[in-house]
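This report refers to the structure that appears directly beneath it.
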Amino acid sequence: MHLKRWITGLAALPFLVYLIYSGGALFTLFIAAVSVVSLWEYFKILFEDSALSDPPRPGWGIIPSVGIAIAPVMVWTAHTCSMDAVLFALVLHLILCALISLVRFKTNPRIIETVVKSSQGMIYIPLMLAFAVWIRDGVDGMRWVFFILAVVFAGDIGAFYAGTYWGRHKLCPSVSPGKTIEGAVGGLTGNLIVGTIVKLMLFPRLPWAGSLVLFLVLGVVGQIGDLYESEFKRTAGVKDSGSLLPGHGGLLDRIDALLFALPVAYFFIKFIL
């Protein structure tokens with residue numbers, strides 16, 4: 001499993017670096033594709049073979065399909081338009097889902113739960129990923145995207161190996177029995193070490209006090225994001241969100257920490273640093 005994780009990561013790295021370096025439409029299209037695949041995995045966890053499907057049968061029905069269609073639009077408008085356009089797409093999704101629920105409510109009263117979970121998915125995935133586009137399109141955007149990815153993924157790696165080799169005390173057993181306090185500490189250590197190295201390389205003039213706070217904040221919210229996705233999987237009784245990435249599971253498994261870290265980093269950079 002460890003070898004598969006590294007092979008997958010190293011194979012994807014050159015493409016990721018190229019896309020971040022390119023920026024613009026190419027980077028946005030990549031993020032839009034990530035949003036579609038991740039949202040598909042999210043819906044698969046929550047709705048497949050579920051009574052909340054519309055209609056209640058294996059499959060998802062029309063409401064999640066509306067989300068899949070609007071998700072890439074949200075990400076694309078983050079690049080081509082303003083934040084207002086992204087929020088409009090989010091509101092449009094809710095209005096369309098509400099309209100569909102009014103038609104379907106008589107035959108499936110639980111459809112309102114489908115609307116709520118679908119709307120949560122739109123905030124959780126495409127809206128959060130839109131912040132990657134806003135960061136990349138901003139001042140020093142390329143460097144900031146590399147910085148955030150390095151810090152967050154270092155936390156993932158640190159938590160994985162610290163938990164694997166030294167984990168003894170459970171962190172949140174009701175949600176994710178495999179995660180440990182030692183793993184969480186290892187993750188934060190990885191955030192600090194790699195954050196310091198990348199800061200010296202990319203942002204040598206950045207104030208140390210604010211930088212150290214940013215490393216730790218990204219580490220903490222990243223772990224919250226990881227546990228939050230684990231709640232979905234725990235409820236559905238699945239181990240991974242998918243099997244797209246050998247050694248990692250699904251794409252959502254790979255970006256769960258990043259989803260919470262991106263908006264926090266955006267506002268931290270904008271208002272604090």
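Residue names in the structure tokens use chain letters A, B, ... in the order shown, residue numbers from 1 in each chain, and ligand numbers from 1 in the order shown.
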Considering only C-alpha atoms, return as an mmCIF file with N, CA and C atoms, in the first residue's frame whatever protein or nucleic-acid residues lie within 9 Å of Leu19 in chain A, sequence-local ones (same chain, fewer than 6 positions apart) excluded.
```cif
data_model
loop_
_atom_site.group_PDB
_atom_site.id
_atom_site.type_symbol
_atom_site.label_atom_id
_atom_site.label_comp_id
_atom_site.auth_asym_id
_atom_site.auth_seq_id
_atom_site.Cartn_x
_atom_site.Cartn_y
_atom_site.Cartn_z
ATOM 1 N N LEU A 26 -6.420 26.501 -18.236
ATOM 2 C CA LEU A 26 -6.013 25.101 -18.093
ATOM 3 C C LEU A 26 -6.124 24.647 -16.637
ATOM 4 N N PHE A 27 -5.620 25.456 -15.730
ATOM 5 C CA PHE A 27 -5.711 25.131 -14.307
ATOM 6 C C PHE A 27 -7.169 25.089 -13.861
ATOM 7 N N THR A 28 -7.971 26.026 -14.347
ATOM 8 C CA THR A 28 -9.385 26.072 -13.972
ATOM 9 C C THR A 28 -10.130 24.844 -14.467
ATOM 10 N N PHE A 30 -8.875 21.936 -14.954
ATOM 11 C CA PHE A 30 -8.439 20.834 -14.098
ATOM 12 C C PHE A 30 -9.207 20.842 -12.777
#
```
- Shell of 12 Å around range 198-204 of chain A, only C-alpha atoms, local chain residues under 4 positions omitted, as a list in words: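 In the requested form, the answer reads Asp140, Gly141, Met142, Arg143, Trp144, Val145, Phe146, Phe147, Ile148, Leu149, Ala150, Val151, Val152, Ala154, Gly190, Asn191, Leu192, Ile193, Val194, Trp208, Gly210, Ser211, Leu212, Leu214, Phe215 and Leu273 of chain A.
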>> Just the number, please: distance in Å from CA of Ala85 in chain A to CA of Ile272 in chain A, one decimal.
In response: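 Between CA of Ala85 in chain A and CA of Ile272 in chain A the gap is 25.4 Å.
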One decimal place gives the CA of Thr180 in chain A-CA of Gly163 in chain A separation as 5.9 Å
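Using only C-alpha atoms, the contacts of range 169-174 of chain A at a cut-off of 12 Å, with sequence neighbours closer than 4 positions omitted, comprise Ala159, Ala162, Gly163, Thr164, Gly178, Lys179, Thr180, Ile181, Glu182, Gly183, Ala184, Val185, Gln223, Ile224, Asp226, Leu227, Tyr228, Ser230, Glu231, Lys233, Arg234 and Thr235 of chain A.
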| query | Restricting the calculation to only C-alpha atoms, which member of A:Arg254, A:Arg110, A:Arg168, A:His93 is positioned closest to Gly225 in chain A? | reply |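 Closest to Gly225 in chain A of all the choices is A:Arg254.
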- Message: Write out as a ChimeraX atom specification the set of residues from range 130-235 of chain A that DSSP, computed on the backbone, places in strand (DSSP E or B).
- Response: /A:170-172,176-180
Subject >> Among the residues A:Leu102, A:Leu46, A:Cys81, A:Leu127, the one that comes closest to Thr114 in chain A [using only C-alpha atoms] >> reply: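 Going through A:Leu102, A:Leu46, A:Cys81, A:Leu127 one by one, the smallest distance to Thr114 in chain A is for A:Leu46.
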Do you know which residues are at most 9 Å from Ser101 in chain A counting only C-alpha atoms, after dropping those on the same chain fewer than 4 positions away, and could you put them as a ChimeraX atom specification? /A:63,96-97,105,108-109,111-112,114-115
Since we have the selection now, will you write its residues out, keeping N, CA and C atoms, as a PDB file, in the first residue's frame?
```pdb
ATOM      1  N   ILE A  63     -31.793  15.222  -8.702  1.00  0.00           N
ATOM      2  CA  ILE A  63     -31.226  16.302  -7.884  1.00  0.00           C
ATOM      3  C   ILE A  63     -29.697  16.247  -7.832  1.00  0.00           C
ATOM      4  N   LEU A  96     -33.340  25.309  -8.234  1.00  0.00           N
ATOM      5  CA  LEU A  96     -33.732  24.198  -9.108  1.00  0.00           C
ATOM      6  C   LEU A  96     -34.084  22.956  -8.299  1.00  0.00           C
ATOM      7  N   CYS A  97     -33.277  22.668  -7.283  1.00  0.00           N
ATOM      8  CA  CYS A  97     -33.549  21.501  -6.440  1.00  0.00           C
ATOM      9  C   CYS A  97     -34.852  21.674  -5.669  1.00  0.00           C
ATOM     10  N   PHE A 105     -42.322  15.625  -4.120  1.00  0.00           N
ATOM     11  CA  PHE A 105     -42.566  15.421  -2.688  1.00  0.00           C
ATOM     12  C   PHE A 105     -43.687  14.417  -2.418  1.00  0.00           C
ATOM     13  N   ASN A 108     -42.218  10.957  -2.866  1.00  0.00           N
ATOM     14  CA  ASN A 108     -41.014  10.703  -2.075  1.00  0.00           C
ATOM     15  C   ASN A 108     -40.821  11.834  -1.060  1.00  0.00           C
ATOM     16  N   PRO A 109     -41.504  11.750   0.099  1.00  0.00           N
ATOM     17  CA  PRO A 109     -41.427  12.827   1.098  1.00  0.00           C
ATOM     18  C   PRO A 109     -40.012  13.082   1.616  1.00  0.00           C
ATOM     19  N   ILE A 111     -37.445  13.485  -0.031  1.00  0.00           N
ATOM     20  CA  ILE A 111     -36.623  14.159  -1.035  1.00  0.00           C
ATOM     21  C   ILE A 111     -35.980  15.430  -0.479  1.00  0.00           C
ATOM     22  N   ILE A 112     -36.593  16.023   0.551  1.00  0.00           N
ATOM     23  CA  ILE A 112     -36.008  17.228   1.137  1.00  0.00           C
ATOM     24  C   ILE A 112     -34.623  16.928   1.715  1.00  0.00           C
ATOM     25  N   THR A 114     -32.583  14.800   0.423  1.00  0.00           N
ATOM     26  CA  THR A 114     -31.718  14.761  -0.755  1.00  0.00           C
ATOM     27  C   THR A 114     -31.287  16.171  -1.148  1.00  0.00           C
ATOM     28  N   VAL A 115     -32.234  17.112  -1.095  1.00  0.00           N
ATOM     29  CA  VAL A 115     -31.920  18.504  -1.421  1.00  0.00           C
ATOM     30  C   VAL A 115     -30.866  19.055  -0.464  1.00  0.00           C
TER      31      VAL A 115
END
```
Exercise for review: Might you pull out every residue within 12 Å of Val73 in chain A, with only C-alpha atoms counted and same-chain residues fewer than 5 positions away left off, and present them as an MDAnalysis selection string?
Suggested key: chainID A and resid 28:29 31:33 35:36 66:68 78:81 85:90 92:93 122 126:127 129:130
